[in-house]
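Next comes start.cif, with mmCIF, C-alpha atoms and all ligand atoms.
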data_input
loop_
_atom_site.label_atom_id
_atom_site.label_comp_id
_atom_site.auth_asym_id
_atom_site.auth_seq_id
_atom_site.Cartn_x
_atom_site.Cartn_y
_atom_site.Cartn_z
CA MET O 198 -30.29 100.61 137.01
CA LYS O 199 -33.56 100.98 135.06
CA ASN O 200 -34.23 103.72 132.51
CA ASP O 201 -37.85 104.90 132.76
CA ASN O 202 -37.88 107.05 129.61
CA TYR O 203 -39.54 104.38 127.48
CA GLN O 204 -43.13 103.10 127.20
CA LEU O 205 -42.62 100.00 125.06
CA LEU O 206 -39.14 98.98 126.16
CA VAL O 207 -37.63 98.09 129.50
CA VAL O 208 -34.02 99.25 129.54
CA HIS O 209 -31.57 98.18 132.25
CA GLN O 210 -27.92 98.96 132.74
CA VAL O 211 -27.14 95.45 133.96
CA GLU O 212 -23.49 95.77 134.82
CA SER O 213 -20.48 97.67 133.67
CA GLY O 214 -20.66 98.00 129.91
CA VAL O 215 -23.79 95.91 129.29
CA GLN O 216 -27.26 97.22 128.58
CA LEU O 217 -30.30 94.94 128.47
CA VAL O 218 -33.20 96.09 126.30
CA GLN O 219 -36.49 94.20 126.55
CA LEU O 220 -39.28 94.68 124.03
CA ASN O 221 -42.37 95.21 126.14
CA ARG O 222 -45.69 94.90 124.27
CA PRO O 223 -46.68 91.50 125.67
CA GLU O 224 -50.36 91.99 124.79
CA ALA O 225 -49.43 91.93 121.08
CA LEU O 226 -46.54 89.45 121.23
CA ASN O 227 -44.14 92.43 120.95
CA ALA O 228 -45.39 93.30 117.45
CA LEU O 229 -43.27 96.18 116.20
CA THR O 230 -45.15 99.46 116.00
CA THR O 231 -43.58 102.66 114.70
CA GLU O 232 -43.47 103.92 118.28
CA LEU O 233 -41.63 100.82 119.49
CA LEU O 234 -39.09 101.10 116.68
CA ALA O 235 -38.68 104.82 117.43
CA GLU O 236 -37.88 104.00 121.06
CA LEU O 237 -35.45 101.27 120.04
CA SER O 238 -33.77 103.62 117.61
CA ASP O 239 -33.44 106.20 120.40
CA VAL O 240 -31.92 103.61 122.77
CA MET O 241 -29.39 102.63 120.13
CA ASP O 242 -28.48 106.19 119.18
CA ASN O 243 -27.83 106.92 122.87
CA ALA O 244 -25.90 103.66 123.38
CA GLU O 245 -23.78 104.45 120.33
CA VAL O 246 -22.29 107.52 121.99
CA SER O 247 -22.27 106.30 125.60
CA ASP O 248 -18.92 105.28 127.10
CA ASP O 249 -20.82 103.22 129.69
CA ILE O 250 -22.34 100.87 127.09
CA ARG O 251 -20.12 98.46 125.20
CA VAL O 252 -22.55 95.63 124.42
CA LEU O 253 -26.30 95.57 124.05
CA VAL O 254 -28.53 92.55 124.73
CA LEU O 255 -31.92 92.62 123.06
CA THR O 256 -34.73 90.35 124.21
CA GLY O 257 -38.49 89.90 124.40
CA ASN O 258 -40.39 87.69 126.82
CA SER O 259 -40.96 83.96 127.24
CA LYS O 260 -43.75 83.89 124.60
CA ALA O 261 -42.29 86.12 121.93
CA PHE O 262 -39.16 87.91 120.90
CA ALA O 263 -41.44 89.70 118.42
CA ALA O 264 -44.24 88.40 116.18
CA GLY O 265 -43.52 90.83 113.36
CA ALA O 266 -44.47 94.29 112.26
CA ASP O 267 -47.73 95.39 113.83
CA ILE O 268 -50.28 94.22 111.30
CA ASN O 269 -53.03 96.58 112.51
CA GLU O 270 -50.76 99.57 112.05
CA MET O 271 -49.57 98.28 108.69
CA ALA O 272 -53.18 97.91 107.51
CA GLU O 273 -53.71 101.66 107.87
CA ARG O 274 -50.75 102.56 105.68
CA ASP O 275 -51.37 102.94 101.94
CA LEU O 276 -48.76 103.15 99.19
CA VAL O 277 -47.91 106.78 99.88
CA GLY O 278 -47.79 106.02 103.60
CA MET O 279 -45.33 103.22 102.87
CA LEU O 280 -43.17 105.50 100.72
CA ASN O 281 -43.06 108.05 103.55
CA ASP O 282 -42.63 105.36 106.21
CA PRO O 283 -40.64 106.84 109.13
CA ARG O 284 -39.67 103.33 110.24
CA GLN O 285 -36.96 103.24 107.57
CA GLN O 286 -35.06 105.85 109.52
CA TYR O 287 -35.45 103.87 112.77
CA TRP O 288 -34.20 100.67 111.15
CA GLN O 289 -31.14 102.67 110.04
CA SER O 290 -30.15 103.38 113.67
CA ILE O 291 -30.25 99.65 114.32
CA THR O 292 -28.33 98.79 111.15
CA ARG O 293 -25.51 101.28 111.69
CA PHE O 294 -25.00 100.54 115.42
CA SER O 295 -21.28 99.91 115.79
CA LYS O 296 -21.24 98.03 119.10
CA PRO O 297 -22.06 94.33 119.46
CA VAL O 298 -25.72 93.34 119.84
CA ILE O 299 -26.74 89.95 121.20
CA ALA O 300 -30.33 88.82 120.61
CA ALA O 301 -31.71 86.52 123.33
CA ILE O 302 -34.74 84.91 121.72
CA ASN O 303 -37.62 82.92 123.17
CA GLY O 304 -40.96 82.02 121.60
CA TYR O 305 -42.13 83.62 118.35
CA CYS O 306 -39.51 85.35 116.25
CA LEU O 307 -41.47 86.12 113.11
CA GLY O 308 -41.57 88.56 110.21
CA GLY O 309 -40.17 91.93 111.30
CA GLY O 310 -39.24 90.23 114.60
CA CYS O 311 -36.98 87.77 112.80
CA GLU O 312 -35.63 90.66 110.71
CA LEU O 313 -34.86 92.58 113.91
CA ALA O 314 -33.14 89.53 115.43
CA MET O 315 -31.03 89.21 112.28
CA HIS O 316 -29.69 92.72 112.87
CA ALA O 317 -28.02 91.32 116.00
CA ASP O 318 -24.43 90.12 115.76
CA ILE O 319 -24.95 87.03 117.90
CA LEU O 320 -28.29 85.23 118.12
CA ILE O 321 -29.00 82.72 120.84
CA ALA O 322 -32.38 81.15 121.43
CA GLY O 323 -34.36 79.05 123.85
CA ARG O 324 -35.32 75.55 122.78
CA ASP O 325 -38.94 76.64 122.20
CA ALA O 326 -38.13 79.55 119.86
CA GLN O 327 -39.50 79.52 116.36
CA PHE O 328 -38.28 81.57 113.45
CA GLY O 329 -40.26 82.49 110.38
CA GLN O 330 -41.06 84.99 107.66
CA PRO O 331 -44.85 84.56 107.43
CA GLU O 332 -45.52 87.75 105.42
CA ILE O 333 -46.56 85.65 102.40
CA ASN O 334 -49.67 84.64 104.37
CA LEU O 335 -50.70 88.30 104.35
CA GLY O 336 -50.20 88.69 100.60
CA ILE O 337 -46.96 90.61 101.13
CA MET O 338 -43.28 89.78 101.53
CA PRO O 339 -40.52 90.65 104.00
CA GLY O 340 -39.52 94.31 103.84
CA ALA O 341 -36.83 94.81 106.50
CA GLY O 342 -34.13 92.44 105.31
CA GLY O 343 -35.95 89.11 105.45
CA THR O 344 -35.00 88.12 101.92
CA GLN O 345 -31.44 89.46 102.15
CA ARG O 346 -30.11 88.83 105.67
CA LEU O 347 -31.82 85.44 105.86
CA LEU O 348 -30.30 84.47 102.50
CA ARG O 349 -26.83 85.39 103.75
CA ALA O 350 -27.38 83.53 107.02
CA VAL O 351 -28.95 80.26 105.87
CA GLY O 352 -28.56 80.11 102.08
CA LYS O 353 -30.98 80.02 99.17
CA SER O 354 -32.98 76.85 99.67
CA LEU O 355 -34.05 77.42 103.28
CA THR O 356 -34.67 81.14 102.66
CA MET O 357 -36.92 80.30 99.72
CA GLN O 358 -38.70 77.67 101.79
CA MET O 359 -39.33 80.01 104.71
CA VAL O 360 -40.28 83.09 102.66
CA LEU O 361 -42.42 81.32 100.05
CA THR O 362 -44.28 78.96 102.41
CA GLY O 363 -44.40 81.24 105.46
CA LEU O 364 -43.78 78.14 107.60
CA PRO O 365 -41.58 78.61 110.68
CA ILE O 366 -38.51 76.62 111.64
CA THR O 367 -37.52 75.40 115.09
CA ALA O 368 -34.59 76.62 117.16
CA GLN O 369 -32.75 73.41 116.32
CA GLN O 370 -33.28 73.97 112.55
CA ALA O 371 -32.14 77.58 113.00
CA LYS O 372 -29.00 76.39 114.78
CA ASP O 373 -28.29 73.69 112.17
CA ALA O 374 -28.67 76.29 109.40
CA GLY O 375 -26.39 78.85 111.09
CA LEU O 376 -29.05 81.46 111.85
CA ILE O 377 -28.32 81.24 115.57
CA SER O 378 -25.17 80.22 117.39
CA GLU O 379 -26.52 78.54 120.53
CA ILE O 380 -29.63 76.94 121.96
CA THR O 381 -30.34 77.27 125.68
CA GLN O 382 -33.00 76.26 128.16
CA PRO O 383 -35.67 78.97 127.64
CA GLU O 384 -35.29 80.33 131.18
CA LEU O 385 -31.54 80.71 130.71
CA THR O 386 -31.46 82.53 127.35
CA VAL O 387 -31.05 86.01 128.79
CA THR O 388 -28.57 84.83 131.42
CA ARG O 389 -26.42 83.24 128.74
CA ALA O 390 -26.64 86.33 126.52
CA LEU O 391 -25.63 88.56 129.42
CA SER O 392 -22.72 86.27 130.21
CA LEU O 393 -21.45 86.48 126.60
CA ALA O 394 -22.01 90.24 126.68
CA SER O 395 -19.96 90.50 129.84
CA VAL O 396 -17.06 88.64 128.23
CA ILE O 397 -17.16 90.93 125.19
CA ALA O 398 -17.45 94.05 127.39
CA SER O 399 -14.20 93.06 129.12
CA LYS O 400 -12.24 93.26 125.83
CA GLY O 401 -10.73 96.33 124.22
CA SER O 402 -13.63 98.26 122.73
CA LEU O 403 -11.69 99.48 119.67
CA ALA O 404 -10.70 95.93 118.74
CA VAL O 405 -14.28 94.75 119.27
CA ARG O 406 -15.67 97.53 117.11
CA LEU O 407 -13.23 96.96 114.24
CA ALA O 408 -13.65 93.18 114.41
CA LYS O 409 -17.44 93.58 114.14
CA GLU O 410 -17.08 96.00 111.24
CA SER O 411 -14.68 93.66 109.48
CA ILE O 412 -16.99 90.64 109.82
CA LEU O 413 -20.00 92.62 108.57
CA LYS O 414 -17.92 93.98 105.69
CA GLY O 415 -17.06 90.40 104.77
CA MET O 416 -20.75 89.55 104.39
CA ASP O 417 -21.17 92.25 101.76
CA THR O 418 -18.07 92.02 99.67
CA ASP O 419 -15.69 89.76 97.76
CA LEU O 420 -12.88 87.97 99.61
CA ALA O 421 -10.04 90.20 98.38
CA THR O 422 -11.82 93.40 99.46
CA GLY O 423 -12.78 91.85 102.77
CA LEU O 424 -9.21 90.73 103.44
CA ARG O 425 -7.91 94.19 102.58
CA PHE O 426 -10.38 95.78 104.99
CA GLU O 427 -9.39 93.28 107.69
CA ARG O 428 -5.68 94.02 107.19
CA HIS O 429 -6.25 97.78 107.45
CA ALA O 430 -8.33 97.37 110.61
CA PHE O 431 -5.71 95.04 112.10
CA THR O 432 -2.97 97.56 111.27
CA VAL O 433 -4.88 100.47 112.79
CA LEU O 434 -5.12 98.58 116.09
CA ALA O 435 -1.30 98.47 116.23
CA GLY O 436 -1.43 102.15 117.22
CA THR O 437 -3.68 101.68 120.24
CA ASP O 438 -2.90 101.63 123.97
CA ASP O 439 -5.11 98.55 124.26
CA ARG O 440 -2.84 96.57 121.95
CA ASN O 441 0.23 97.52 124.02
CA GLU O 442 -1.62 96.69 127.23
CA GLY O 443 -2.86 93.33 125.86
CA ILE O 444 0.62 92.23 124.87
CA GLN O 445 2.23 93.57 128.06
CA ALA O 446 -0.36 91.80 130.23
CA PHE O 447 0.29 88.54 128.38
CA LYS O 448 4.03 88.86 129.05
CA GLU O 449 3.46 89.69 132.72
CA LYS O 450 0.93 86.84 133.08
CA ARG O 451 -1.85 89.13 134.32
CA ARG O 452 -5.28 90.19 133.10
CA PRO O 453 -5.18 93.18 130.75
CA LYS O 454 -6.79 96.46 131.77
CA PHE O 455 -8.20 97.83 128.52
CA THR O 456 -9.12 101.50 128.34
CA GLY O 457 -10.59 101.75 124.86
CA ARG O 458 -7.75 104.00 123.74
N1 LIG R 501 -49.30 92.50 114.69
C1 LIG R 501 -50.29 92.90 115.53
N2 LIG R 501 -50.79 92.12 116.50
C2 LIG R 501 -50.29 90.90 116.64
C3 LIG R 501 -49.28 90.39 115.80
C4 LIG R 501 -48.77 91.27 114.80
N3 LIG R 501 -47.77 90.92 114.00
N4 LIG R 501 -49.00 89.13 116.19
C5 LIG R 501 -49.82 88.84 117.22
N5 LIG R 501 -50.60 89.90 117.50
C6 LIG R 501 -51.61 90.02 118.53
C7 LIG R 501 -52.86 89.21 118.19
O1 LIG R 501 -53.69 89.94 117.32
C8 LIG R 501 -53.46 88.99 119.55
O2 LIG R 501 -54.12 90.17 119.95
P1 LIG R 501 -55.61 90.07 120.61
O3 LIG R 501 -55.38 89.31 121.88
O4 LIG R 501 -55.96 91.51 120.83
O5 LIG R 501 -56.45 89.35 119.63
C9 LIG R 501 -52.23 88.84 120.45
O6 LIG R 501 -51.14 89.41 119.74
C10 LIG R 501 -51.90 87.38 120.75
O7 LIG R 501 -51.80 86.70 119.50
P2 LIG R 501 -52.61 85.37 119.15
O8 LIG R 501 -53.89 85.30 119.96
O9 LIG R 501 -52.74 85.27 117.68
O10 LIG R 501 -51.59 84.27 119.73
P3 LIG R 501 -51.39 82.80 119.23
O11 LIG R 501 -50.44 82.19 120.20
O12 LIG R 501 -52.69 82.12 118.99
O13 LIG R 501 -50.67 82.93 117.79
C11 LIG R 501 -49.02 83.77 116.24
C12 LIG R 501 -49.39 83.46 117.72
C13 LIG R 501 -48.95 82.47 115.46
C14 LIG R 501 -47.65 84.45 116.28
C15 LIG R 501 -50.09 84.71 115.61
O14 LIG R 501 -50.33 85.79 116.52
C16 LIG R 501 -49.68 85.29 114.31
O15 LIG R 501 -49.75 84.60 113.30
N6 LIG R 501 -49.26 86.57 114.30
C17 LIG R 501 -48.87 87.26 113.07
C18 LIG R 501 -47.47 86.89 112.62
C19 LIG R 501 -47.13 87.58 111.33
O16 LIG R 501 -47.81 87.44 110.32
N7 LIG R 501 -46.03 88.36 111.35
C20 LIG R 501 -45.57 89.11 110.17
C21 LIG R 501 -46.13 90.50 110.20
S1 LIG R 501 -45.79 91.43 108.72
C22 LIG R 501 -44.17 91.92 108.86
O17 LIG R 501 -43.49 91.62 109.82
C23 LIG R 501 -43.67 92.79 107.72
C24 LIG R 501 -42.21 93.06 107.71
O18 LIG R 501 -41.42 92.27 107.18
C25 LIG R 501 -41.62 94.30 108.23
#
Show me, as structure tokens, the structure contained in the file I just sent.
Amino acid sequence: MKNDNYQLLVVHQVESGVQLVQLNRPEALNALTTELLAELSDVMDNAEVSDDIRVLVLTGNSKAFAAGADINEMAERDLVGMLNDPRQQYWQSITRFSKPVIAAINGYCLGGGCELAMHADILIAGRDAQFGQPEINLGIMPGAGGTQRLLRAVGKSLTMQMVLTGLPITAQQAKDAGLISEITQPELTVTRALSLASVIASKGSLAVRLAKESILKGMDTDLATGLRFERHAFTVLAGTDDRNEGIQAFKEKRRPKFTGR
């Protein structure tokens, strides 16, 4: 089922629990305008509270996931414009989204596009994808997590190389460095992402949510704090119907029917 509320996104409810969101500014390689980010933020805010959506797949087209922030729009924004930039608020909706996001990436994944992809929990890419933070070529630097999330994903040396030279890396380099988890044939990237999404959507949604939160917490904190958070989350799940159902189904050698309760 397609949602026609958006101009710069194509949003499909693909199957039970999975929503596919396609960035749709092909004429500008899906460069991220304020309006596009506003629509994406709206999609995510709605998905956050929808019982019908358990996993979101984010993609672009065969040429570009997204080639960065829209440079023409950025050119019109002075210092005060930057300080009052409404896009900060839209990025927040993406950052705080509690359900899993899978990015299915083909073609250019640059600048703000790479930063958007790094907000996803699982990144898979077609063989032809290229990842980069080319802001340095414009006399600026990444401003939506490109120095921080990239550092945490691939380490200091490669982050420095990408950010300071502006040169892109291939999908294979991204996979070797841990930025993405799988490489696919370009025409199969979305199919594979939807298949992973479908597997995740079949699990207990409370366990999925707390597992995601625990992993993200671990990226931001020391081991002892992370382990404590994990233990608390694990303990909380002991009080859920889904945990009882999961264990009962195992004993009865049948598939569990999770209810998210
Ligand atoms: N913003 C606005 N328009 C863009 C764009 C961007 N980031 N990237 C591409 N486009 C537009 C081009 O201007 C072009 O439009 P016209 O046809 O109207 O001229 C169209 O998309 C197709 O692009 P190209 O003709 O350049 O395609 P190409 O295949 O020859 O080159 C490319 C592709 C190497 C990605 C090149 O387009 C490019 O270098 N784009 C800019 C990439 C970039 O610098 N991104 C970082 C932006 S800053 C940022 O993201 C800040 C942040 O951290 C938040």
Nearby residues, ligand LIG 501 (chain R), 7 Å, only C-alpha atoms and all ligand atoms, as a PyMOL selection string: chain O and resi 224-226+228+264-269+305+307-310+312+330-332+334-335+338-341+343
task: Fewer than 4 positions away in the same chain doesn't count, so skip those; otherwise give me all residues within 8 Å of Ile291 of chain O, counting all atoms listed in the file, as a PyMOL selection string.
output: chain O and resi 237-238+241+287+316
message: For Ile250 of chain O, find every residue with an atom within 7 Å (counting all atoms listed in the file), except residues of its own chain fewer than 6 positions away, and show them as a PyMOL selection string.
response: chain O and resi 214-216+244
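Taking only C-alpha atoms, the non-local environment of Asn227 of chain O within 7 Å (same-chain residues fewer than 5 positions away omitted) comprises O:Leu220, O:Asn221, O:Arg222, O:Ala261, O:Phe262, O:Ala263, O:Ala264.
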field: Between atom CA of Lys400 of chain O and atom CA of Ala322 of chain O, distance in Å (one decimal)
entry: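 Atom-to-atom, atom CA of Lys400 of chain O to atom CA of Ala322 of chain O, that is 23.9 Å.
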field: Between atom CA of Arg349 of chain O and atom CA of Gly375 of chain O - distance in Å to one decimal
entry: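 Result for atom CA of Gly375 of chain O versus atom CA of Arg349 of chain O: 9.8 Å, one decimal.
Across the structure, atom CA of Ser295 of chain O and atom CA of Ile412 of chain O are spaced 11.8 Å apart.
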Gln285 of chain O surroundings by all atoms listed in the file, 12 Å radius, close-in-sequence under 3 positions cut, as a CSV table (one decimal) with C-alpha atoms, in the coordinates of the input:
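Output below, filename result.csv:
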chain,number,residue,atom,x,y,z
O,231,THR,CA,-43.6,102.7,114.7
O,234,LEU,CA,-39.1,101.1,116.7
O,235,ALA,CA,-38.7,104.8,117.4
O,238,SER,CA,-33.8,103.6,117.6
O,278,GLY,CA,-47.8,106.0,103.6
O,279,MET,CA,-45.3,103.2,102.9
O,280,LEU,CA,-43.2,105.5,100.7
O,281,ASN,CA,-43.1,108.0,103.6
O,282,ASP,CA,-42.6,105.4,106.2
O,288,TRP,CA,-34.2,100.7,111.2
O,289,GLN,CA,-31.1,102.7,110.0
O,290,SER,CA,-30.2,103.4,113.7
O,291,ILE,CA,-30.2,99.6,114.3
O,292,THR,CA,-28.3,98.8,111.2
O,340,GLY,CA,-39.5,94.3,103.8
O,341,ALA,CA,-36.8,94.8,106.5
O,342,GLY,CA,-34.1,92.4,105.3
task: For Val252 of chain O, list every protein, DNA or RNA residue within 8 Å, evaluated using only C-alpha atoms, and leave out those in the same chain fewer than 5 positions away; present the list as a ChimeraX atom specification.
output: /O:214-216,296-299,394-395,397-398
From O:Asn202, O:Pro223, O:Gly323, O:Ser392, residue lying nearest Leu253 of chain O [only C-alpha atoms]: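 Smallest separation from Leu253 of chain O among the options: O:Ser392.
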Any chance you could export segment 202-263 of chain O with C-alpha atoms, as a PDB file, in the first residue's frame?
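What ended up in out.pdb:
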ATOM      1  CA  ASN O 202       1.196  12.262   1.463  1.00  0.00           C
ATOM      2  CA  TYR O 203       4.799  12.942   0.472  1.00  0.00           C
ATOM      3  CA  GLN O 204       6.412  14.841  -2.426  1.00  0.00           C
ATOM      4  CA  LEU O 205      10.043  13.791  -2.038  1.00  0.00           C
ATOM      5  CA  LEU O 206       9.598  10.312  -0.613  1.00  0.00           C
ATOM      6  CA  VAL O 207       7.827   7.207  -1.835  1.00  0.00           C
ATOM      7  CA  VAL O 208       6.463   5.330   1.165  1.00  0.00           C
ATOM      8  CA  HIS O 209       5.123   1.781   0.898  1.00  0.00           C
ATOM      9  CA  GLN O 210       3.731  -0.544   3.520  1.00  0.00           C
ATOM     10  CA  VAL O 211       5.397  -3.583   1.974  1.00  0.00           C
ATOM     11  CA  GLU O 212       4.101  -6.334   4.192  1.00  0.00           C
ATOM     12  CA  SER O 213       3.054  -6.830   7.745  1.00  0.00           C
ATOM     13  CA  GLY O 214       5.329  -4.758   9.946  1.00  0.00           C
ATOM     14  CA  VAL O 215       7.705  -3.455   7.253  1.00  0.00           C
ATOM     15  CA  GLN O 216       7.676   0.003   5.719  1.00  0.00           C
ATOM     16  CA  LEU O 217       9.840   0.896   2.720  1.00  0.00           C
ATOM     17  CA  VAL O 218      10.826   4.553   2.388  1.00  0.00           C
ATOM     18  CA  GLN O 219      12.490   5.665  -0.842  1.00  0.00           C
ATOM     19  CA  LEU O 220      14.189   9.042  -1.172  1.00  0.00           C
ATOM     20  CA  ASN O 221      12.813  10.479  -4.389  1.00  0.00           C
ATOM     21  CA  ARG O 222      14.734  13.473  -5.774  1.00  0.00           C
ATOM     22  CA  PRO O 223      16.435  11.631  -8.642  1.00  0.00           C
ATOM     23  CA  GLU O 224      17.157  14.856 -10.549  1.00  0.00           C
ATOM     24  CA  ALA O 225      19.536  15.929  -7.749  1.00  0.00           C
ATOM     25  CA  LEU O 226      20.873  12.492  -6.763  1.00  0.00           C
ATOM     26  CA  ASN O 227      18.548  12.607  -3.717  1.00  0.00           C
ATOM     27  CA  ALA O 228      20.394  15.591  -2.222  1.00  0.00           C
ATOM     28  CA  LEU O 229      18.821  16.292   1.149  1.00  0.00           C
ATOM     29  CA  THR O 230      16.794  19.492   1.231  1.00  0.00           C
ATOM     30  CA  THR O 231      15.091  20.783   4.364  1.00  0.00           C
ATOM     31  CA  GLU O 232      11.774  19.717   2.862  1.00  0.00           C
ATOM     32  CA  LEU O 233      12.999  16.172   2.232  1.00  0.00           C
ATOM     33  CA  LEU O 234      14.322  15.892   5.783  1.00  0.00           C
ATOM     34  CA  ALA O 235      11.030  17.301   7.112  1.00  0.00           C
ATOM     35  CA  GLU O 236       9.113  14.597   5.235  1.00  0.00           C
ATOM     36  CA  LEU O 237      11.473  11.896   6.479  1.00  0.00           C
ATOM     37  CA  SER O 238      11.131  13.167  10.022  1.00  0.00           C
ATOM     38  CA  ASP O 239       7.338  13.050   9.646  1.00  0.00           C
ATOM     39  CA  VAL O 240       7.463   9.463   8.322  1.00  0.00           C
ATOM     40  CA  MET O 241       9.597   8.404  11.268  1.00  0.00           C
ATOM     41  CA  ASP O 242       7.487  10.185  13.874  1.00  0.00           C
ATOM     42  CA  ASN O 243       4.413   8.402  12.478  1.00  0.00           C
ATOM     43  CA  ALA O 244       6.207   5.040  12.265  1.00  0.00           C
ATOM     44  CA  GLU O 245       7.368   5.436  15.854  1.00  0.00           C
ATOM     45  CA  VAL O 246       3.808   5.321  17.167  1.00  0.00           C
ATOM     46  CA  SER O 247       2.307   2.942  14.588  1.00  0.00           C
ATOM     47  CA  ASP O 248       1.607  -0.632  15.695  1.00  0.00           C
ATOM     48  CA  ASP O 249       1.662  -1.672  12.023  1.00  0.00           C
ATOM     49  CA  ILE O 250       5.318  -0.698  11.526  1.00  0.00           C
ATOM     50  CA  ARG O 251       8.043  -2.668  13.252  1.00  0.00           C
ATOM     51  CA  VAL O 252      10.976  -2.179  10.864  1.00  0.00           C
ATOM     52  CA  LEU O 253      11.776   0.551   8.387  1.00  0.00           C
ATOM     53  CA  VAL O 254      13.840   0.111   5.211  1.00  0.00           C
ATOM     54  CA  LEU O 255      15.357   3.282   3.808  1.00  0.00           C
ATOM     55  CA  THR O 256      16.642   3.424   0.242  1.00  0.00           C
ATOM     56  CA  GLY O 257      17.359   5.689  -2.713  1.00  0.00           C
ATOM     57  CA  ASN O 258      17.624   4.655  -6.350  1.00  0.00           C
ATOM     58  CA  SER O 259      20.173   2.799  -8.474  1.00  0.00           C
ATOM     59  CA  LYS O 260      22.347   5.926  -8.947  1.00  0.00           C
ATOM     60  CA  ALA O 261      22.284   7.395  -5.470  1.00  0.00           C
ATOM     61  CA  PHE O 262      21.231   6.704  -1.934  1.00  0.00           C
ATOM     62  CA  ALA O 263      21.868  10.428  -1.405  1.00  0.00           C
TER      63      ALA O 263
END
